[in-house]
Structures are given as structure tokens and as C-alpha cells.
>>> print(open('final36.txt').read())   # compact mmCIF, N, CA and C atoms and all ligand atoms
# COMPACT_ATOMS: atom_id res chain seq x y z
N MET D 263 153.06 181.25 197.31
CA MET D 263 153.06 180.00 198.07
C MET D 263 153.83 178.95 197.28
N ASN D 264 154.67 178.21 197.97
CA ASN D 264 155.45 177.20 197.29
C ASN D 264 154.96 175.81 197.69
N THR D 265 154.09 175.23 196.86
CA THR D 265 153.55 173.91 197.14
C THR D 265 154.33 172.88 196.35
N PRO D 266 154.80 171.83 197.03
CA PRO D 266 155.55 170.81 196.30
C PRO D 266 154.65 170.12 195.28
N SER D 267 155.21 169.80 194.17
CA SER D 267 154.45 169.15 193.11
C SER D 267 154.25 167.67 193.45
N LEU D 268 153.02 167.21 193.30
CA LEU D 268 152.71 165.80 193.58
C LEU D 268 152.47 165.08 192.26
N LYS D 269 153.52 164.85 191.56
CA LYS D 269 153.38 164.17 190.27
C LYS D 269 153.69 162.69 190.44
N LEU D 270 153.09 162.12 191.46
CA LEU D 270 153.27 160.70 191.69
C LEU D 270 152.33 159.94 190.78
N ARG D 271 152.79 158.86 190.25
CA ARG D 271 151.92 158.04 189.39
C ARG D 271 151.49 156.86 190.25
N TRP D 272 150.33 157.00 190.83
CA TRP D 272 149.89 155.96 191.76
C TRP D 272 148.54 155.38 191.40
N VAL D 273 148.05 155.70 190.22
CA VAL D 273 146.79 155.14 189.75
C VAL D 273 147.03 154.60 188.34
N LEU D 274 146.56 153.39 188.10
CA LEU D 274 146.65 152.82 186.75
C LEU D 274 145.86 153.71 185.80
N SER D 275 146.40 153.91 184.60
CA SER D 275 145.69 154.74 183.63
C SER D 275 144.52 153.94 183.04
N GLU D 276 143.64 154.66 182.35
CA GLU D 276 142.50 154.00 181.70
C GLU D 276 143.01 152.98 180.67
N ASP D 277 144.07 153.34 179.98
CA ASP D 277 144.64 152.44 178.97
C ASP D 277 145.18 151.17 179.64
N GLU D 278 145.83 151.32 180.77
CA GLU D 278 146.35 150.14 181.48
C GLU D 278 145.21 149.25 181.97
N VAL D 279 144.13 149.87 182.43
CA VAL D 279 142.97 149.10 182.88
C VAL D 279 142.38 148.32 181.70
N ARG D 280 142.27 148.98 180.55
CA ARG D 280 141.73 148.32 179.36
C ARG D 280 142.62 147.14 178.95
N ARG D 281 143.94 147.36 178.99
CA ARG D 281 144.86 146.29 178.59
C ARG D 281 144.81 145.11 179.56
N ILE D 282 144.64 145.40 180.83
CA ILE D 282 144.53 144.32 181.82
C ILE D 282 143.24 143.52 181.57
N ALA D 283 142.15 144.26 181.29
CA ALA D 283 140.86 143.59 181.04
C ALA D 283 140.91 142.72 179.79
N GLU D 284 141.75 143.09 178.83
CA GLU D 284 141.86 142.32 177.59
C GLU D 284 142.81 141.12 177.68
N LEU D 285 143.53 141.02 178.79
CA LEU D 285 144.47 139.89 178.94
C LEU D 285 143.70 138.56 178.94
N ARG D 286 144.31 137.58 178.31
CA ARG D 286 143.69 136.25 178.30
C ARG D 286 144.37 135.43 179.40
N VAL D 287 143.90 135.64 180.59
CA VAL D 287 144.48 134.97 181.76
C VAL D 287 143.64 133.73 182.07
N THR D 288 144.31 132.60 182.18
CA THR D 288 143.57 131.35 182.47
C THR D 288 143.78 130.89 183.90
N ASP D 289 144.88 131.31 184.47
CA ASP D 289 145.18 130.91 185.85
C ASP D 289 144.18 131.59 186.81
N PRO D 290 143.41 130.83 187.58
CA PRO D 290 142.38 131.42 188.46
C PRO D 290 142.98 132.36 189.53
N VAL D 291 144.15 132.03 190.02
CA VAL D 291 144.78 132.90 191.04
C VAL D 291 145.18 134.23 190.41
N ALA D 292 145.75 134.16 189.21
CA ALA D 292 146.13 135.40 188.52
C ALA D 292 144.90 136.25 188.21
N LYS D 293 143.80 135.59 187.79
CA LYS D 293 142.54 136.32 187.53
C LYS D 293 142.05 137.02 188.79
N GLN D 294 142.13 136.29 189.91
CA GLN D 294 141.68 136.85 191.18
C GLN D 294 142.53 138.07 191.57
N TRP D 295 143.85 137.98 191.37
CA TRP D 295 144.74 139.09 191.70
C TRP D 295 144.48 140.29 190.79
N LEU D 296 144.24 140.05 189.53
CA LEU D 296 143.96 141.15 188.61
C LEU D 296 142.64 141.83 188.97
N ALA D 297 141.64 141.01 189.35
CA ALA D 297 140.35 141.58 189.75
C ALA D 297 140.53 142.45 191.00
N ARG D 298 141.34 141.97 191.94
CA ARG D 298 141.62 142.77 193.16
C ARG D 298 142.35 144.06 192.81
N LEU D 299 143.29 143.96 191.88
CA LEU D 299 144.04 145.15 191.45
C LEU D 299 143.09 146.21 190.87
N LEU D 300 142.14 145.77 190.04
CA LEU D 300 141.20 146.71 189.43
C LEU D 300 140.22 147.26 190.47
N ASP D 301 139.82 146.42 191.44
CA ASP D 301 138.97 146.90 192.54
C ASP D 301 139.69 147.97 193.35
N GLU D 302 140.95 147.71 193.67
CA GLU D 302 141.75 148.69 194.43
C GLU D 302 141.86 149.99 193.66
N ARG D 303 142.05 149.87 192.36
CA ARG D 303 142.15 151.07 191.53
C ARG D 303 140.86 151.87 191.60
N ARG D 304 139.70 151.20 191.51
CA ARG D 304 138.41 151.90 191.59
C ARG D 304 138.26 152.61 192.94
N ARG D 305 138.64 151.92 194.01
CA ARG D 305 138.55 152.54 195.36
C ARG D 305 139.47 153.75 195.47
N LEU D 306 140.69 153.60 194.93
CA LEU D 306 141.66 154.71 194.99
C LEU D 306 141.16 155.91 194.20
N VAL D 307 140.62 155.66 193.02
CA VAL D 307 140.09 156.76 192.19
C VAL D 307 138.96 157.46 192.95
N ALA D 308 138.06 156.68 193.56
CA ALA D 308 136.95 157.28 194.31
C ALA D 308 137.47 158.11 195.48
N THR D 309 138.50 157.63 196.17
CA THR D 309 139.07 158.37 197.30
C THR D 309 139.69 159.68 196.83
N ILE D 310 140.46 159.63 195.75
CA ILE D 310 141.10 160.85 195.23
C ILE D 310 140.05 161.84 194.77
N GLN D 311 139.01 161.36 194.09
CA GLN D 311 137.93 162.24 193.64
C GLN D 311 137.23 162.88 194.85
N GLY D 312 137.01 162.08 195.89
CA GLY D 312 136.38 162.61 197.11
C GLY D 312 137.23 163.70 197.75
N LEU D 313 138.54 163.47 197.78
CA LEU D 313 139.44 164.48 198.34
C LEU D 313 139.40 165.76 197.51
N ALA D 314 139.37 165.62 196.20
CA ALA D 314 139.30 166.80 195.33
C ALA D 314 138.03 167.59 195.62
N ARG D 315 136.91 166.88 195.82
CA ARG D 315 135.65 167.59 196.12
C ARG D 315 135.72 168.28 197.49
N GLN D 316 136.33 167.61 198.47
CA GLN D 316 136.45 168.22 199.80
C GLN D 316 137.34 169.46 199.76
N VAL D 317 138.44 169.40 199.03
CA VAL D 317 139.33 170.57 198.93
C VAL D 317 138.61 171.71 198.22
N HIS D 318 137.86 171.40 197.18
CA HIS D 318 137.10 172.43 196.46
C HIS D 318 136.09 173.10 197.39
N TYR D 319 135.37 172.29 198.16
CA TYR D 319 134.39 172.81 199.11
C TYR D 319 135.08 173.68 200.17
N LEU D 320 136.22 173.18 200.68
CA LEU D 320 136.97 173.94 201.68
C LEU D 320 137.39 175.29 201.14
N ARG D 321 137.87 175.33 199.90
CA ARG D 321 138.30 176.60 199.31
C ARG D 321 137.12 177.55 199.17
N GLN D 322 135.94 177.03 198.81
CA GLN D 322 134.76 177.89 198.72
C GLN D 322 134.42 178.48 200.08
N ARG D 323 134.48 177.63 201.12
CA ARG D 323 134.16 178.10 202.48
C ARG D 323 135.19 179.12 202.96
N ILE D 324 136.46 178.93 202.64
CA ILE D 324 137.50 179.89 203.02
C ILE D 324 137.22 181.24 202.35
N GLY D 325 136.81 181.20 201.08
CA GLY D 325 136.47 182.43 200.37
C GLY D 325 135.30 183.15 201.03
N GLN D 326 134.27 182.38 201.43
CA GLN D 326 133.11 182.98 202.10
C GLN D 326 133.52 183.59 203.44
N ALA D 327 134.37 182.87 204.18
CA ALA D 327 134.83 183.36 205.48
C ALA D 327 135.63 184.66 205.32
N ALA D 328 136.50 184.69 204.31
CA ALA D 328 137.30 185.90 204.07
C ALA D 328 136.40 187.08 203.72
N GLU D 329 135.37 186.82 202.91
CA GLU D 329 134.43 187.87 202.53
C GLU D 329 133.69 188.40 203.78
N TYR D 330 133.26 187.47 204.64
CA TYR D 330 132.55 187.84 205.86
C TYR D 330 133.45 188.66 206.77
N LEU D 331 134.69 188.21 206.99
CA LEU D 331 135.61 188.92 207.87
C LEU D 331 135.96 190.29 207.31
N ASP D 332 136.10 190.38 205.98
CA ASP D 332 136.38 191.68 205.36
C ASP D 332 135.21 192.62 205.59
N GLY D 333 133.98 192.10 205.54
CA GLY D 333 132.80 192.92 205.82
C GLY D 333 132.81 193.46 207.24
N LEU D 334 133.17 192.59 208.19
CA LEU D 334 133.26 193.03 209.59
C LEU D 334 134.32 194.11 209.75
N ALA D 335 135.48 193.89 209.14
CA ALA D 335 136.56 194.88 209.24
C ALA D 335 136.15 196.19 208.57
N GLY D 336 135.42 196.10 207.47
CA GLY D 336 134.96 197.31 206.78
C GLY D 336 134.02 198.12 207.66
N LYS D 337 133.12 197.43 208.38
CA LYS D 337 132.20 198.14 209.29
C LYS D 337 132.98 198.80 210.42
N ALA D 338 133.97 198.10 210.97
CA ALA D 338 134.78 198.66 212.04
C ALA D 338 135.55 199.88 211.54
N GLU D 339 136.04 199.80 210.30
CA GLU D 339 136.77 200.92 209.71
C GLU D 339 135.85 202.13 209.55
N GLU D 340 134.61 201.88 209.09
CA GLU D 340 133.62 202.96 208.94
C GLU D 340 133.36 203.64 210.28
N THR D 341 133.19 202.82 211.32
CA THR D 341 132.93 203.34 212.66
C THR D 341 134.10 204.20 213.13
N ALA D 342 135.32 203.74 212.85
CA ALA D 342 136.50 204.47 213.30
C ALA D 342 136.66 205.80 212.57
N ARG D 343 136.09 205.90 211.37
CA ARG D 343 136.21 207.15 210.60
C ARG D 343 135.04 208.09 210.84
N ALA D 344 134.03 207.62 211.54
CA ALA D 344 132.80 208.40 211.74
C ALA D 344 133.04 209.81 212.31
N PRO D 345 133.97 209.99 213.25
CA PRO D 345 134.18 211.35 213.78
C PRO D 345 134.73 212.34 212.75
N TRP D 346 135.26 211.86 211.65
CA TRP D 346 135.83 212.73 210.61
C TRP D 346 135.19 212.39 209.27
N PRO D 347 133.89 212.64 209.13
CA PRO D 347 133.17 212.17 207.94
C PRO D 347 133.63 212.80 206.63
N THR D 348 134.22 213.99 206.69
CA THR D 348 134.62 214.65 205.45
C THR D 348 136.09 214.41 205.10
N GLN D 349 136.83 213.81 206.03
CA GLN D 349 138.27 213.60 205.79
C GLN D 349 138.49 212.33 204.97
N GLN D 350 139.47 212.38 204.12
CA GLN D 350 139.85 211.22 203.31
C GLN D 350 140.65 210.25 204.18
N PRO D 351 140.55 208.94 203.91
CA PRO D 351 141.39 207.99 204.63
C PRO D 351 142.83 208.03 204.08
N CYS D 352 143.77 207.81 204.96
CA CYS D 352 145.19 207.79 204.60
C CYS D 352 145.46 206.57 203.71
N PRO D 353 146.17 206.75 202.60
CA PRO D 353 146.47 205.60 201.74
C PRO D 353 147.43 204.62 202.39
N ARG D 354 148.11 205.06 203.43
CA ARG D 354 149.10 204.21 204.08
C ARG D 354 148.50 203.43 205.25
N CYS D 355 147.72 204.12 206.12
CA CYS D 355 147.25 203.44 207.33
C CYS D 355 145.73 203.36 207.43
N GLY D 356 145.00 204.11 206.61
CA GLY D 356 143.55 204.02 206.61
C GLY D 356 142.84 204.96 207.57
N ALA D 357 143.58 205.60 208.47
CA ALA D 357 142.96 206.54 209.42
C ALA D 357 142.66 207.86 208.71
N ALA D 358 141.72 208.64 209.27
CA ALA D 358 141.35 209.92 208.67
C ALA D 358 142.57 210.84 208.62
N ILE D 359 142.68 211.58 207.52
CA ILE D 359 143.79 212.52 207.33
C ILE D 359 143.33 213.90 207.77
N GLU D 360 144.17 214.58 208.55
CA GLU D 360 143.88 215.95 208.92
C GLU D 360 144.41 216.91 207.85
N ARG D 361 145.62 216.58 207.38
CA ARG D 361 146.26 217.47 206.41
C ARG D 361 147.28 216.69 205.58
N VAL D 362 147.34 217.02 204.29
CA VAL D 362 148.36 216.44 203.41
C VAL D 362 149.41 217.51 203.19
N ALA D 363 150.69 217.12 203.29
CA ALA D 363 151.77 218.08 203.12
C ALA D 363 152.89 217.44 202.32
N VAL D 364 153.83 218.25 201.92
CA VAL D 364 155.02 217.74 201.22
C VAL D 364 156.20 217.95 202.15
N ASP D 365 156.94 216.86 202.36
CA ASP D 365 158.10 216.90 203.25
C ASP D 365 159.36 216.76 202.40
N TYR D 366 160.40 217.45 202.80
CA TYR D 366 161.65 217.31 202.06
C TYR D 366 162.74 216.80 202.98
N ARG D 367 163.42 215.76 202.51
CA ARG D 367 164.61 215.27 203.22
C ARG D 367 165.67 215.03 202.16
N PRO D 368 166.90 215.45 202.44
CA PRO D 368 167.96 215.31 201.42
C PRO D 368 168.11 213.88 200.90
N GLU D 369 167.95 212.89 201.77
CA GLU D 369 168.14 211.49 201.33
C GLU D 369 166.98 210.96 200.49
N HIS D 370 165.77 211.53 200.65
CA HIS D 370 164.61 211.04 199.91
C HIS D 370 164.04 212.05 198.92
N GLY D 371 164.40 213.30 199.07
CA GLY D 371 163.80 214.34 198.24
C GLY D 371 162.42 214.71 198.77
N HIS D 372 161.56 215.16 197.88
CA HIS D 372 160.21 215.57 198.28
C HIS D 372 159.30 214.35 198.35
N ARG D 373 158.54 214.29 199.44
CA ARG D 373 157.59 213.18 199.60
C ARG D 373 156.30 213.72 200.19
N THR D 374 155.20 213.08 199.81
CA THR D 374 153.91 213.44 200.37
C THR D 374 153.78 212.82 201.75
N VAL D 375 153.33 213.61 202.72
CA VAL D 375 153.10 213.09 204.06
C VAL D 375 151.66 213.38 204.47
N HIS D 376 151.09 212.47 205.25
CA HIS D 376 149.72 212.62 205.71
C HIS D 376 149.73 212.79 207.22
N ARG D 377 149.19 213.93 207.67
CA ARG D 377 149.15 214.21 209.12
C ARG D 377 147.76 213.85 209.64
N HIS D 378 147.75 213.15 210.77
CA HIS D 378 146.50 212.66 211.35
C HIS D 378 146.11 213.45 212.60
N PRO D 379 144.82 213.42 212.95
CA PRO D 379 144.34 214.15 214.13
C PRO D 379 145.05 213.74 215.43
N ASP D 380 145.57 212.51 215.50
CA ASP D 380 146.27 212.09 216.72
C ASP D 380 147.74 212.45 216.71
N GLY D 381 148.20 213.16 215.69
CA GLY D 381 149.59 213.57 215.64
C GLY D 381 150.49 212.65 214.84
N THR D 382 149.97 211.51 214.43
CA THR D 382 150.78 210.59 213.63
C THR D 382 150.96 211.17 212.23
N VAL D 383 152.13 210.94 211.68
CA VAL D 383 152.43 211.40 210.33
C VAL D 383 152.85 210.19 209.50
N CYS D 384 152.14 209.97 208.40
CA CYS D 384 152.49 208.86 207.51
C CYS D 384 153.17 209.41 206.26
N GLU D 385 154.14 208.65 205.81
CA GLU D 385 154.88 209.04 204.62
C GLU D 385 154.66 207.99 203.55
N GLY D 386 154.49 208.44 202.32
CA GLY D 386 154.36 207.51 201.21
C GLY D 386 152.96 206.93 201.11
N THR D 387 152.83 205.94 200.24
CA THR D 387 151.53 205.33 199.97
C THR D 387 151.57 203.86 200.33
N ALA D 388 150.39 203.25 200.36
CA ALA D 388 150.32 201.81 200.63
C ALA D 388 151.03 201.04 199.53
N LYS D 389 151.02 201.59 198.29
CA LYS D 389 151.68 200.96 197.16
C LYS D 389 153.19 200.88 197.39
N GLU D 390 153.72 201.95 197.97
CA GLU D 390 155.17 201.98 198.22
C GLU D 390 155.58 201.04 199.35
N HIS D 391 154.68 200.87 200.33
CA HIS D 391 154.98 200.05 201.50
C HIS D 391 153.78 199.17 201.82
N PRO D 392 153.47 198.19 200.97
CA PRO D 392 152.23 197.43 201.12
C PRO D 392 152.10 196.67 202.44
N ALA D 393 153.16 196.17 202.99
CA ALA D 393 153.05 195.38 204.22
C ALA D 393 153.20 196.22 205.47
N ALA D 394 153.50 197.47 205.31
CA ALA D 394 153.78 198.31 206.47
C ALA D 394 152.52 198.88 207.08
N GLY D 395 152.58 199.20 208.32
CA GLY D 395 151.49 199.88 209.01
C GLY D 395 151.70 201.37 208.83
N PRO D 396 151.21 202.16 209.80
CA PRO D 396 151.41 203.59 209.71
C PRO D 396 152.90 203.90 209.61
N GLY D 397 153.25 204.75 208.68
CA GLY D 397 154.67 205.08 208.50
C GLY D 397 154.97 206.42 209.13
N LYS D 398 155.41 206.36 210.35
CA LYS D 398 155.66 207.60 211.07
C LYS D 398 156.91 208.27 210.53
N VAL D 399 156.81 209.52 210.27
CA VAL D 399 157.96 210.30 209.85
C VAL D 399 158.49 211.03 211.06
N GLY D 400 157.67 211.85 211.61
CA GLY D 400 158.15 212.66 212.73
C GLY D 400 157.33 212.41 213.99
N GLY D 401 156.55 211.37 214.01
CA GLY D 401 155.71 211.10 215.18
C GLY D 401 154.72 212.24 215.34
N ARG D 402 154.55 212.71 216.54
CA ARG D 402 153.60 213.80 216.77
C ARG D 402 154.20 215.10 216.28
N HIS D 403 153.34 215.93 215.75
CA HIS D 403 153.79 217.25 215.31
C HIS D 403 153.01 218.28 216.08
N PRO D 404 153.55 219.49 216.15
CA PRO D 404 152.87 220.51 216.94
C PRO D 404 151.53 220.92 216.37
ZN ZN D 501 148.29 207.32 207.90
>>> encode(input="final36.txt", output="C-alpha cells")
Amino acid sequence: MNTPSLKLRWVLSEDEVRRIAELRVTDPVAKQWLARLLDERRRLVATIQGLARQVHYLRQRIGQAAEYLDGLAGKAEETARAPWPTQQPCPRCGAAIERVAVDYRPEHGHRTVHRHPDGTVCEGTAKEHPAAGPGKVGGRHP
């Protein structure tokens, strides 16, 4: 993810606040403006801190939601594999494997292929093609 950096300096530092507080200002209008500046700074700091807490909470909730959804998907996956309880799941598509074989093609050499009960044939592993779905080599086989 490419998030733009927010290195904006929009809050007076603690050192600047200390230096402002130490100023010997006699003009009442200037004193009033400095007091307003420090009040604004306190409000801004509180707002930024509040946002940080909200983002932290949101990230925790997103993590919980992802965990919950993964649990639901895991149960659905278990149900889908139930008819083939002894078969291993395909590393590429997750469906039960009927048979593992080695396929040879001149352009790729020898590769492991996974044949499924529905005739689908997957080639390779999820590691080789992480974003891919079932990798059909020959579609249905006899
Ligand atoms: Zn597969």
C-alpha cells in the first residue's frame, strides 16, 4: 500500500509552547492572542489524539472482522470437502484432489498437476501463482 507521508508541521512543539509561556509580554492584546494560540494548540492536540485512538480502534475491529470472515470461509471450505474426507486439498485451488500426476510440456518441462473429481486439472502450486484461481491445464480429462 502506498500511503502519502503526512509530515506536516501543524502543531507547536512542547519547546515552542514553553518559550511562548516564558515570554515577557506586557501588551494585553498580545497576551490575549498568545493565550488563544495555546488554547488552539491544546484543542488541536486533543483532536489529533482522538483521531489516533479512533484509527487504532478501527484497525482492531477490522482485524476481528477479518478473523470472523475467515472462520466462516473455513467452515464453508470444510463443508465443500466433506464428500471427499480422505482426499488432500489442492494447493492451487483448495478443492479435493482425485489424483496427483506429472505432466510434461516442452515449454515448461515436468510439472505436478492435480486432477479433481469434476475434471478440472490444476497445474503448479499456490506459491507459484498466489493470485490465481484454479489453474486449468487441460480442462476436463477422460
Ligand atoms: Zn485445484
>>> residues_near_ligand(input="final36.txt", ligand="ligand ZN 501 (chain D)", cutoff="6 Å", atoms="only N, CA and C atoms and all ligand atoms", output="PyMOL selection string")
chain D and resi 352-357+376+383-384+396-397
>>> residues_around(input="final36.txt", residues="range 273-286 of chain D", least_positions_apart="5", cutoff="8 Å", atoms="only N, CA and C atoms", output="PyMOL selection string")
chain D and resi 296+300+303-304+306-307
>>> select_by_dssp(input="final36.txt", residues="chain D", states="strand (DSSP E)", output="PyMOL selection string")
chain D and resi 361-367+371-377+383-385
>>> closest_residue(input="final36.txt", among="D:Ala327, D:Ala297, D:Ala358, D:Val375", to="Thr341 in chain D", atoms="only C-alpha atoms")
D:Ala358
>>> select_by_dssp(input="final36.txt", residues="range 266-360 of chain D", states="alpha helix (DSSP H)", output="ChimeraX atom specification")
/D:276-284,290-343
>>> atom_distance(input="final36.txt", atom1="CA of Arg343 in chain D", atom2="CA of His372 in chain D")
28.3 Å
